[in-house]
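As stored in query.cif (mmCIF, C-alpha atoms and all ligand atoms):
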```cif
data_final
#
loop_
_atom_site.label_atom_id
_atom_site.label_comp_id
_atom_site.auth_asym_id
_atom_site.auth_seq_id
_atom_site.Cartn_x
_atom_site.Cartn_y
_atom_site.Cartn_z
CA MET A 1 15.66 44.56 15.96
CA SER A 2 16.91 46.21 12.79
CA PRO A 3 15.58 44.86 9.48
CA GLN A 4 17.80 42.43 7.60
CA PRO A 5 19.44 43.71 4.42
CA ARG A 6 18.24 41.92 1.30
CA LEU A 7 20.34 38.85 0.44
CA THR A 8 21.85 38.85 -3.00
CA GLU A 9 24.68 36.30 -2.70
CA PRO A 10 24.47 32.84 -1.19
CA SER A 11 26.65 32.19 1.84
CA GLY A 12 27.12 29.30 4.21
CA LYS A 13 25.64 26.18 2.68
CA ALA A 14 22.36 25.14 1.10
CA ALA A 15 19.96 24.01 3.82
CA GLU A 16 18.01 20.75 3.68
CA LEU A 17 15.15 21.38 6.07
CA TYR A 18 12.77 23.31 3.86
CA ARG A 19 10.24 22.90 1.08
CA ASN A 20 9.49 25.02 -1.97
CA LEU A 21 6.11 26.75 -2.11
CA GLN A 22 4.13 28.03 -5.02
CA GLY A 23 4.95 31.63 -5.94
CA GLY A 24 8.69 31.36 -5.37
CA LYS A 25 8.74 31.32 -1.56
CA VAL A 26 10.20 28.54 0.55
CA GLN A 27 9.00 27.22 3.89
CA CYS A 28 11.68 26.43 6.43
CA THR A 29 10.95 23.26 8.42
CA ALA A 30 13.80 23.51 10.93
CA CYS A 31 11.48 24.85 13.62
CA ALA A 32 7.84 25.28 14.46
CA ARG A 33 7.83 28.88 13.25
CA LEU A 34 7.67 27.36 9.75
CA CYS A 35 8.71 30.70 8.25
CA ARG A 36 7.62 31.37 4.68
CA ILE A 37 10.61 33.14 3.21
CA GLY A 38 10.71 35.07 -0.05
CA GLU A 39 13.64 35.67 -2.39
CA GLY A 40 16.37 37.73 -0.72
CA GLN A 41 14.76 37.44 2.72
CA VAL A 42 15.73 35.65 5.92
CA GLY A 43 13.63 33.85 8.52
CA LEU A 44 12.92 35.14 11.99
CA CYS A 45 16.06 33.52 13.43
CA GLY A 46 18.22 35.60 11.09
CA VAL A 47 20.40 32.74 9.88
CA ARG A 48 18.37 31.03 7.16
CA GLY A 49 17.76 32.95 3.94
CA VAL A 50 16.70 32.47 0.34
CA VAL A 51 18.84 33.16 -2.74
CA GLY A 52 17.83 31.88 -6.15
CA GLY A 53 14.91 29.92 -4.70
CA VAL A 54 17.24 27.93 -2.42
CA LEU A 55 17.25 28.20 1.37
CA TYR A 56 20.76 28.71 2.75
CA LEU A 57 22.01 28.14 6.25
CA LEU A 58 23.98 31.36 6.29
CA VAL A 59 25.98 30.53 9.43
CA TYR A 60 27.12 27.09 8.24
CA GLY A 61 30.81 26.87 9.19
CA ARG A 62 30.78 29.90 11.51
CA VAL A 63 30.87 29.78 15.29
CA MET A 64 30.41 32.65 17.70
CA THR A 65 32.01 30.83 20.60
CA GLY A 66 33.71 27.61 21.68
CA HIS A 67 34.04 26.76 25.39
CA ILE A 68 35.03 23.73 27.39
CA ASP A 69 32.32 23.00 29.95
CA PRO A 70 31.38 20.24 32.35
CA ILE A 71 28.29 18.44 31.07
CA GLU A 72 26.58 19.38 34.34
CA LYS A 73 26.52 23.01 33.18
CA LYS A 74 23.99 22.30 30.39
CA PRO A 75 22.43 20.99 32.77
CA VAL A 76 22.71 17.27 32.06
CA VAL A 77 23.20 15.05 35.09
CA HIS A 78 22.06 11.57 34.04
CA TYR A 79 24.30 11.14 30.99
CA LYS A 80 28.05 10.53 31.26
CA PRO A 81 28.49 12.46 34.51
CA GLY A 82 31.62 14.54 34.90
CA SER A 83 32.35 14.69 31.16
CA LYS A 84 34.22 17.54 29.56
CA ILE A 85 32.37 18.86 26.54
CA PHE A 86 33.22 21.35 23.85
CA SER A 87 30.36 23.85 23.57
CA ILE A 88 29.68 25.78 20.39
CA ALA A 89 27.08 28.29 19.19
CA THR A 90 26.28 30.35 16.14
CA SER A 91 24.44 33.66 16.05
CA GLY A 92 20.64 33.88 15.96
CA CYS A 93 17.67 32.24 17.65
CA ASN A 94 14.07 31.32 16.90
CA TRP A 95 12.82 32.57 20.28
CA LEU A 96 12.83 36.14 21.58
CA CYS A 97 13.26 35.56 25.31
CA ARG A 98 13.24 38.86 27.14
CA TYR A 99 15.57 37.53 29.85
CA CYS A 100 18.11 35.72 27.64
CA GLN A 101 21.52 35.50 29.28
CA ASN A 102 23.16 34.93 25.89
CA TYR A 103 21.28 37.70 24.11
CA ASP A 104 24.50 39.14 22.68
CA ILE A 105 24.77 36.14 20.37
CA SER A 106 21.22 34.79 20.25
CA GLN A 107 19.40 38.02 19.48
CA ARG A 108 21.99 39.20 16.99
CA ARG A 109 20.34 38.90 13.60
CA LYS A 110 23.68 39.02 11.82
CA VAL A 111 25.75 36.41 10.08
CA GLU A 112 28.93 36.55 12.10
CA GLY A 113 31.48 34.26 13.69
CA ILE A 114 34.83 32.61 13.20
CA ALA A 115 35.14 30.22 10.25
CA ALA A 116 35.34 26.63 11.50
CA GLY A 117 34.37 23.50 9.60
CA PRO A 118 33.07 20.34 11.31
CA GLU A 119 36.41 18.50 11.28
CA GLU A 120 38.24 21.50 12.68
CA LEU A 121 35.83 21.84 15.60
CA VAL A 122 36.08 18.16 16.43
CA SER A 123 39.89 18.32 16.26
CA GLN A 124 39.80 21.20 18.74
CA ALA A 125 37.53 19.22 21.05
CA VAL A 126 39.77 16.15 20.92
CA ALA A 127 42.92 18.23 21.40
CA HIS A 128 41.40 19.65 24.59
CA GLY A 129 40.51 16.22 25.97
CA CYS A 130 36.76 16.66 25.56
CA GLU A 131 34.50 13.62 25.48
CA GLY A 132 31.57 15.25 23.75
CA MET A 133 30.28 18.24 21.82
CA ALA A 134 27.48 20.51 23.01
CA TYR A 135 25.39 22.77 20.80
CA THR A 136 24.25 25.45 23.18
CA TYR A 137 24.06 29.18 24.11
CA ASN A 138 21.74 29.77 21.14
CA GLU A 139 19.10 27.43 19.71
CA PRO A 140 20.93 24.65 17.83
CA THR A 141 18.00 23.54 15.71
CA ILE A 142 18.23 26.73 13.63
CA PHE A 143 21.69 25.56 12.47
CA MET A 144 20.75 21.90 12.31
CA GLU A 145 22.55 21.01 9.07
CA TYR A 146 25.84 22.38 10.48
CA ALA A 147 25.26 20.74 13.88
CA ARG A 148 24.52 17.42 12.19
CA ASP A 149 27.76 17.53 10.17
CA VAL A 150 29.77 18.44 13.26
CA GLY A 151 27.92 15.72 15.16
CA ARG A 152 28.68 13.05 12.58
CA ALA A 153 32.37 14.00 12.61
CA ALA A 154 32.30 13.94 16.41
CA ARG A 155 30.80 10.46 16.47
CA SER A 156 33.46 9.26 14.04
CA ALA A 157 36.06 10.54 16.49
CA GLY A 158 34.37 8.73 19.40
CA LEU A 159 32.67 11.79 20.91
CA PHE A 160 29.03 12.13 21.90
CA ASN A 161 26.67 15.01 21.11
CA VAL A 162 24.38 17.06 23.35
CA PHE A 163 21.77 19.64 22.35
CA VAL A 164 20.56 22.34 24.69
CA SER A 165 17.32 23.21 22.94
CA ASN A 166 14.00 24.95 23.42
CA GLY A 167 12.40 21.96 21.67
CA TYR A 168 10.41 24.18 19.30
CA GLY A 169 10.89 21.70 16.49
CA THR A 170 9.19 19.75 13.74
CA PRO A 171 9.01 16.02 12.89
CA GLU A 172 11.50 16.60 10.05
CA LEU A 173 13.92 18.16 12.47
CA VAL A 174 13.65 15.31 14.97
CA ALA A 175 14.30 12.76 12.22
CA THR A 176 17.56 14.58 11.46
CA MET A 177 18.76 13.89 15.02
CA ASP A 178 18.77 10.13 14.50
CA ASP A 179 22.30 9.50 13.31
CA PHE A 180 24.29 11.83 15.54
CA LEU A 181 22.47 13.09 18.64
CA ASP A 182 22.92 11.28 21.97
CA CYS A 183 21.35 13.62 24.50
CA ILE A 184 19.06 16.64 24.59
CA THR A 185 18.03 18.93 27.40
CA VAL A 186 14.77 20.63 26.49
CA ASP A 187 14.18 23.98 28.16
CA PHE A 188 10.72 25.03 29.27
CA LYS A 189 10.25 28.53 30.60
CA GLY A 190 7.49 29.37 33.06
CA SER A 191 6.42 25.71 32.77
CA GLY A 192 5.27 26.41 29.21
CA GLU A 193 2.22 28.36 30.37
CA THR A 194 0.65 30.07 27.35
CA LYS A 195 0.33 33.53 28.93
CA PHE A 196 4.01 33.48 29.87
CA VAL A 197 5.41 32.21 26.58
CA ARG A 198 3.36 34.73 24.60
CA SER A 199 4.50 37.67 26.70
CA TYR A 200 8.14 36.81 27.36
CA ILE A 201 9.24 34.49 24.52
CA GLY A 202 7.17 35.58 21.54
CA ILE A 203 5.60 32.24 20.59
CA PRO A 204 1.84 31.49 20.46
CA ASP A 205 2.09 28.46 22.76
CA ALA A 206 4.40 25.63 23.82
CA GLU A 207 2.50 22.84 22.07
CA PRO A 208 5.30 22.18 19.51
CA VAL A 209 7.70 21.56 22.39
CA PHE A 210 5.47 18.78 23.71
CA GLN A 211 5.14 17.36 20.21
CA THR A 212 8.93 17.40 19.76
CA LEU A 213 9.39 15.52 23.03
CA LEU A 214 6.79 12.93 22.03
CA GLU A 215 8.54 12.40 18.69
CA ILE A 216 11.97 12.05 20.34
CA LYS A 217 10.48 9.55 22.79
CA ARG A 218 8.79 7.62 19.96
CA ARG A 219 12.06 7.33 18.04
CA GLY A 220 13.83 6.26 21.23
CA ARG A 221 17.42 7.18 20.36
CA VAL A 222 18.17 10.24 22.45
CA HIS A 223 18.49 10.66 26.22
CA VAL A 224 16.17 13.48 27.41
CA GLU A 225 16.39 15.84 30.36
CA ILE A 226 13.96 18.70 31.02
CA THR A 227 14.57 22.12 32.47
CA ASP A 228 12.01 24.70 33.55
CA LEU A 229 13.08 28.29 34.14
CA VAL A 230 11.09 29.67 37.07
CA VAL A 231 10.63 33.43 36.63
CA PRO A 232 9.40 35.25 39.73
CA ASN A 233 5.86 36.65 39.68
CA VAL A 234 5.19 36.00 35.98
CA GLY A 235 6.44 32.46 35.32
CA ASP A 236 6.30 30.70 38.68
CA SER A 237 2.81 29.18 38.73
CA LEU A 238 2.69 25.97 40.77
CA VAL A 239 -0.44 24.94 38.88
CA ALA A 240 1.47 25.19 35.60
CA ALA A 241 4.45 23.35 37.10
CA GLU A 242 2.18 20.54 38.28
CA LYS A 243 0.61 20.26 34.84
CA LEU A 244 4.06 20.05 33.23
CA CYS A 245 5.29 17.44 35.73
CA ARG A 246 2.19 15.29 35.24
CA TRP A 247 2.69 15.46 31.48
CA ILE A 248 6.31 14.37 31.86
CA TYR A 249 5.31 11.52 34.17
CA ASP A 250 2.58 10.30 31.81
CA ASN A 251 4.49 10.70 28.54
CA LEU A 252 8.21 10.46 29.25
CA GLY A 253 8.21 8.43 32.44
CA PRO A 254 8.94 8.93 36.16
CA ASP A 255 12.73 8.62 35.74
CA THR A 256 12.94 11.66 33.44
CA PRO A 257 15.08 14.28 35.19
CA ILE A 258 13.61 17.76 35.59
CA HIS A 259 15.62 20.78 36.68
CA PHE A 260 13.84 23.86 38.08
CA LEU A 261 16.21 26.70 37.25
CA ARG A 262 16.65 29.93 39.11
CA PHE A 263 16.08 33.05 37.01
CA HIS A 264 18.69 35.81 37.08
CA PRO A 265 17.81 39.30 35.83
CA ASP A 266 19.27 40.01 32.39
CA TYR A 267 18.67 41.63 28.98
CA LYS A 268 15.22 43.28 28.98
CA MET A 269 14.25 41.99 32.44
CA THR A 270 16.84 43.52 34.70
CA ASP A 271 14.05 44.99 36.84
CA PHE A 272 13.03 41.50 37.99
CA PRO A 273 14.53 39.85 41.10
CA SER A 274 16.21 36.45 41.12
CA THR A 275 13.85 33.59 41.88
CA PRO A 276 13.55 33.05 45.65
CA VAL A 277 14.98 29.67 46.66
CA GLU A 278 11.73 28.87 48.51
CA THR A 279 9.83 29.19 45.22
CA LEU A 280 12.15 26.66 43.59
CA GLU A 281 11.71 24.32 46.54
CA LYS A 282 7.92 24.49 46.13
CA HIS A 283 8.37 23.49 42.50
CA VAL A 284 10.56 20.56 43.55
CA SER A 285 7.81 19.41 45.92
CA VAL A 286 5.27 19.63 43.11
CA GLY A 287 7.49 17.50 40.87
CA ARG A 288 7.96 14.86 43.54
CA ARG A 289 4.24 14.76 44.33
CA ALA A 290 3.61 14.19 40.62
CA GLY A 291 5.69 11.03 40.93
CA LEU A 292 8.94 12.15 39.32
CA ASN A 293 11.96 10.43 40.85
CA TYR A 294 14.68 12.91 39.93
CA VAL A 295 13.76 16.54 40.57
CA TYR A 296 16.57 19.09 40.77
CA VAL A 297 17.18 22.73 41.62
CA GLY A 298 19.49 24.56 39.22
CA ASN A 299 21.59 27.73 39.54
CA VAL A 300 21.70 27.53 43.36
CA PRO A 301 25.18 26.14 44.16
CA GLY A 302 25.23 24.10 47.35
CA HIS A 303 21.49 23.39 47.44
CA ARG A 304 20.72 19.83 48.54
CA ASP A 305 18.53 19.28 45.47
CA GLU A 306 21.48 19.67 43.12
CA SER A 307 22.30 16.09 44.15
CA SER A 308 20.71 12.79 43.08
CA TYR A 309 19.06 10.53 45.64
CA CYS A 310 18.14 6.88 45.34
CA PRO A 311 14.38 6.40 44.91
CA GLY A 312 14.79 3.03 46.64
CA CYS A 313 16.61 3.88 49.89
CA GLY A 314 17.12 7.66 49.81
CA ALA A 315 20.93 7.44 49.84
CA VAL A 316 22.97 10.04 47.97
CA LEU A 317 23.75 8.65 44.52
CA VAL A 318 25.68 11.63 43.19
CA LYS A 319 26.58 14.56 45.41
CA ARG A 320 27.10 17.80 43.52
CA TYR A 321 28.17 21.35 44.26
CA GLY A 322 27.36 23.53 41.29
CA TYR A 323 28.87 21.75 38.32
CA GLU A 324 31.22 19.65 40.40
CA ILE A 325 30.75 16.07 41.51
CA LEU A 326 31.81 15.53 45.11
CA GLU A 327 30.64 11.93 45.59
CA TYR A 328 29.72 9.20 43.12
CA ASN A 329 27.99 6.26 44.73
CA LEU A 330 26.98 4.12 41.75
CA ASP A 331 28.55 0.84 40.72
CA VAL A 332 29.61 0.06 37.15
CA GLN A 333 26.08 -1.11 36.36
CA ASN A 334 24.67 2.20 37.57
CA ARG A 335 23.16 0.67 40.71
CA CYS A 336 22.93 2.37 44.09
CA ARG A 337 25.86 1.20 46.18
CA SER A 338 23.71 1.29 49.31
CA CYS A 339 20.72 -0.81 48.28
CA GLY A 340 21.57 -2.14 44.79
CA CYS A 341 18.62 -0.37 43.17
CA LYS A 342 19.07 0.09 39.41
CA THR A 343 19.16 3.79 38.47
CA PRO A 344 18.69 5.54 35.09
CA ILE A 345 21.94 7.50 35.45
CA MET A 346 24.16 6.53 32.53
CA GLY A 347 27.63 6.32 33.99
CA PRO A 348 30.32 5.52 34.60
CA LEU A 349 31.73 8.71 35.98
CA SER A 350 33.94 10.27 33.34
CA ARG A 351 37.60 9.35 33.56
CA SER A 352 38.54 13.03 33.30
CA ALA A 353 36.48 13.70 36.43
CA SER A 354 37.61 10.63 38.36
CA GLU A 355 41.27 11.29 37.61
CA ASP A 356 40.94 14.63 39.27
CA ARG A 357 39.63 14.85 42.80
CA PHE A 358 36.39 12.95 42.46
CA VAL A 359 35.71 9.67 44.14
CA PRO A 360 36.70 6.84 41.77
CA VAL A 361 34.08 4.53 40.33
CA ILE A 362 33.83 1.39 42.43
CA SER A 363 32.24 -1.71 41.02
S1 LIG B 401 14.67 27.96 11.90
FE1 LIG B 401 14.57 30.18 11.53
S2 LIG B 401 13.90 30.40 9.39
FE2 LIG B 401 13.47 28.29 10.04
S3 LIG B 401 11.33 28.33 10.71
FE3 LIG B 401 12.61 28.64 12.52
S4 LIG B 401 12.81 30.87 12.76
FE4 LIG B 401 12.06 30.47 10.69
#
```

Output the file's structure in the form of structure tokens.
Amino acid sequence: MSPQPRLTEPSGKAAELYRNLQGGKVQCTACARLCRIGEGQVGLCGVRGVVGGVLYLLVYGRVMTGHIDPIEKKPVVHYKPGSKIFSIATSGCNWLCRYCQNYDISQRRKVEGIAAGPEELVSQAVAHGCEGMAYTYNEPTIFMEYARDVGRAARSAGLFNVFVSNGYGTPELVATMDDFLDCITVDFKGSGETKFVRSYIGIPDAEPVFQTLLEIKRRGRVHVEITDLVVPNVGDSLVAAEKLCRWIYDNLGPDTPIHFLRFHPDYKMTDFPSTPVETLEKHVSVGRRAGLNYVYVGNVPGHRDESSYCPGCGAVLVKRYGYEILEYNLDVQNRCRSCGCKTPIMGPLSRSASEDRFVPVIS
């Protein structure tokens, strides 16, 4: 990574998540790195820098990309299934994942992107028939003040907001989520095992991720899903997966969805193979033995564990193929249509999905 040039002019917008320190430095509180940043310098993520003793979010109002995705792609499967969402990202990231599939934007320590204010992004989303906004592809918490302003505008327009986040946050950051965020999928890698995250992500440990989840749970405003990237040979420990699943069961509850994601070689780890499907299936078994009711396989289109099953009778609740919904067997109160068991899936199926070729919602 090339060193950042010294900042001399403010750009973007003054940040809010920081505190001033003695000696002229500031401490950013947007993530658990808690960077201490001197005049003219930027934090590790590359998008928050100090000019005149003020921390600026340098990428405020700049997006690197805007895509229309199904919500299932995030992956989120228990919140407004079948929704179309408008996905945005800036440059930069607070993690240094050696396998990142979006490294061309996330590991770019440059202030780049197309100028787009909050209202403009929301107008684009509405014009394209989207029902929500997603903040994804790079870590959204590093551009929290921008995401929050987009999120507030989105809510005013009747849209919901989804974060795809590594969860490496702070209590101040979580408090900022309160008035705009509806859903977050928090991504573990290698089940958060310390040896893995030190070697392949560049963080000391995953403890802040657990603390972020506890704080989100305590505040009780945001729907949570968990993912765990299973990396062959170095991040596929079943012991670590069991520990993670037990923690989720004890602290977030048995109805919390967890997705075990298949790794694909990319960036600095192209010499690794894709995760064998059998390895993912062993992780699914571990999750179910830990008592979790909704354990999924991700990035394996057509696998039976992409679908949701009723914990009461075992019937298919939602049948999926990749990001598509093939069957939707919940009533309008989100109960299993076979046995009447109440489920935590927050339907109904999106109108944009049901108008297409999906099975209509039946009450
Ligand atoms: S958001 Fe960026 S500047 Fe702030 S603490 Fe994290 S890495 Fe450092």

Per-residue nearest contacts chain A to ligand LIG 401 (chain B), cut-off 7 Å, using all atoms listed in the file, as JSON lines:
```
{"residue": "A:Cys28", "atom": "CA", "partner": "B:LIG401", "partner_atom": "FE2", "distance": 4.4}
{"residue": "A:Thr29", "atom": "CA", "partner": "B:LIG401", "partner_atom": "S3", "distance": 5.6}
{"residue": "A:Ala30", "atom": "CA", "partner": "B:LIG401", "partner_atom": "S1", "distance": 4.6}
{"residue": "A:Cys31", "atom": "CA", "partner": "B:LIG401", "partner_atom": "FE3", "distance": 4.1}
{"residue": "A:Ala32", "atom": "CA", "partner": "B:LIG401", "partner_atom": "S3", "distance": 6.0}
{"residue": "A:Arg33", "atom": "CA", "partner": "B:LIG401", "partner_atom": "S3", "distance": 4.4}
{"residue": "A:Leu34", "atom": "CA", "partner": "B:LIG401", "partner_atom": "S3", "distance": 3.9}
{"residue": "A:Cys35", "atom": "CA", "partner": "B:LIG401", "partner_atom": "FE4", "distance": 4.2}
{"residue": "A:Val42", "atom": "CA", "partner": "B:LIG401", "partner_atom": "S2", "distance": 6.6}
{"residue": "A:Gly43", "atom": "CA", "partner": "B:LIG401", "partner_atom": "S2", "distance": 3.6}
{"residue": "A:Leu44", "atom": "CA", "partner": "B:LIG401", "partner_atom": "S4", "distance": 4.3}
{"residue": "A:Cys45", "atom": "CA", "partner": "B:LIG401", "partner_atom": "FE1", "distance": 4.1}
{"residue": "A:Gly46", "atom": "CA", "partner": "B:LIG401", "partner_atom": "FE1", "distance": 6.5}
{"residue": "A:Val47", "atom": "CA", "partner": "B:LIG401", "partner_atom": "FE1", "distance": 6.6}
{"residue": "A:Arg48", "atom": "CA", "partner": "B:LIG401", "partner_atom": "S2", "distance": 5.0}
{"residue": "A:Asn94", "atom": "CA", "partner": "B:LIG401", "partner_atom": "S4", "distance": 4.4}
{"residue": "A:Thr141", "atom": "CA", "partner": "B:LIG401", "partner_atom": "S1", "distance": 6.7}
{"residue": "A:Ile142", "atom": "CA", "partner": "B:LIG401", "partner_atom": "S1", "distance": 4.1}
```

May I ask for the distance between CA of Arg36 in chain A and CA of Ile105 in chain A, given in Å to one decimal place?
23.7 Å

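Within the 8 Å cut-off around Glu172 in chain A, using only C-alpha atoms and omitting residues fewer than 2 positions from it on the same chain, the listed residues are A:Leu17, A:Thr29, A:Ala30, A:Thr170, A:Val174, A:Ala175, A:Thr176.
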
Within 7 Å of range 242-258 of chain A using only C-alpha atoms, minus same-chain residues under 3 positions, as a list in words:
Ser191, Lys217, Glu225, Ile226, Thr227, Leu238, Val239, Val286, Gly287, Ala290, Gly291, Leu292, Asn293, Tyr294, Val295, Tyr296 and Pro344 of chain A

If you measure from CA of Pro273 in chain A to CA of Val197 in chain A, what distance in Å do you get, rounded to one decimal?
18.8 Å

Given the choices A:Arg62, A:Arg289, A:Lys84, A:Lys74, which gets closest to Pro118 in chain A if the distance is worked out from all atoms listed in the file?
A:Arg62

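Shortest atom-to-atom contact with Leu330 in chain A among A:Pro348, A:Thr65, A:Cys313, A:Leu181: A:Pro348, counting all atoms listed in the file.
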
Would you pick out the contacts of Ser91 in chain A at 7 Å or less, using only C-alpha atoms, so that residues sharing its chain but fewer than 2 positions from it are not included, and give the list as a CSV table (one decimal) with C-alpha atoms, keeping the file's coordinate frame?
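Output saved as out23.csv:
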```csv
chain,number,residue,atom,x,y,z
A,64,MET,CA,30.4,32.6,17.7
A,89,ALA,CA,27.1,28.3,19.2
A,105,ILE,CA,24.8,36.1,20.4
A,106,SER,CA,21.2,34.8,20.2
A,108,ARG,CA,22.0,39.2,17.0
A,110,LYS,CA,23.7,39.0,11.8
A,111,VAL,CA,25.8,36.4,10.1
A,112,GLU,CA,28.9,36.6,12.1
A,138,ASN,CA,21.7,29.8,21.1
```

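Proximity ranking of A:Leu261, A:Ala154, A:Ala134, A:Ile201 relative to Cys93 in chain A places A:Ile201 first, based on all atoms listed in the file.
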
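For the atom pair formed by CA of Arg6 in chain A and CA of Ala116 in chain A, the distance is 25.1 Å, given to one decimal.
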
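Candidate residues A:Glu324, A:Glu139, A:Glu39, A:Glu281 were compared for distance to Ser165 in chain A, and the nearest is A:Glu139, using only C-alpha atoms.
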
Rank nothing, just name the residue among A:Asn329, A:Ser352, A:Thr90, A:Ser11 nearest to Gly113 in chain A, using only C-alpha atoms.
A:Thr90

If we draw a sphere of 12 Å around (19.0, -3.3, 45.5), which residues have at least one atom in it when counting all atoms listed in the file? Please report them as an mmCIF file with C-alpha atoms, in the coordinates of the input.
```cif
data_model
loop_
_atom_site.group_PDB
_atom_site.id
_atom_site.type_symbol
_atom_site.label_atom_id
_atom_site.label_comp_id
_atom_site.auth_asym_id
_atom_site.auth_seq_id
_atom_site.Cartn_x
_atom_site.Cartn_y
_atom_site.Cartn_z
ATOM 1 C CA CYS A 310 18.140 6.880 45.340
ATOM 2 C CA PRO A 311 14.380 6.400 44.910
ATOM 3 C CA GLY A 312 14.790 3.030 46.640
ATOM 4 C CA CYS A 313 16.610 3.880 49.890
ATOM 5 C CA GLY A 314 17.120 7.660 49.810
ATOM 6 C CA ALA A 315 20.930 7.440 49.840
ATOM 7 C CA LEU A 330 26.980 4.120 41.750
ATOM 8 C CA ASP A 331 28.550 0.840 40.720
ATOM 9 C CA GLN A 333 26.080 -1.110 36.360
ATOM 10 C CA ASN A 334 24.670 2.200 37.570
ATOM 11 C CA ARG A 335 23.160 0.670 40.710
ATOM 12 C CA CYS A 336 22.930 2.370 44.090
ATOM 13 C CA ARG A 337 25.860 1.200 46.180
ATOM 14 C CA SER A 338 23.710 1.290 49.310
ATOM 15 C CA CYS A 339 20.720 -0.810 48.280
ATOM 16 C CA GLY A 340 21.570 -2.140 44.790
ATOM 17 C CA CYS A 341 18.620 -0.370 43.170
ATOM 18 C CA LYS A 342 19.070 0.090 39.410
ATOM 19 C CA THR A 343 19.160 3.790 38.470
#
```

For Gly49 in chain A, find every residue with an atom within 8 Å (counting all atoms listed in the file), except residues of its own chain fewer than 5 positions away, and show them as a PDB file with C-alpha atoms, in the coordinates of the input.
```
ATOM      1  CA  LEU A   7      20.340  38.850   0.440  1.00  0.00           C
ATOM      2  CA  ILE A  37      10.610  33.140   3.210  1.00  0.00           C
ATOM      3  CA  GLY A  40      16.370  37.730  -0.720  1.00  0.00           C
ATOM      4  CA  GLN A  41      14.760  37.440   2.720  1.00  0.00           C
ATOM      5  CA  VAL A  42      15.730  35.650   5.920  1.00  0.00           C
ATOM      6  CA  GLY A  43      13.630  33.850   8.520  1.00  0.00           C
ATOM      7  CA  LEU A  55      17.250  28.200   1.370  1.00  0.00           C
ATOM      8  CA  TYR A  56      20.760  28.710   2.750  1.00  0.00           C
ATOM      9  CA  LEU A  57      22.010  28.140   6.250  1.00  0.00           C
ATOM     10  CA  LEU A  58      23.980  31.360   6.290  1.00  0.00           C
TER      11      LEU A  58
END
```
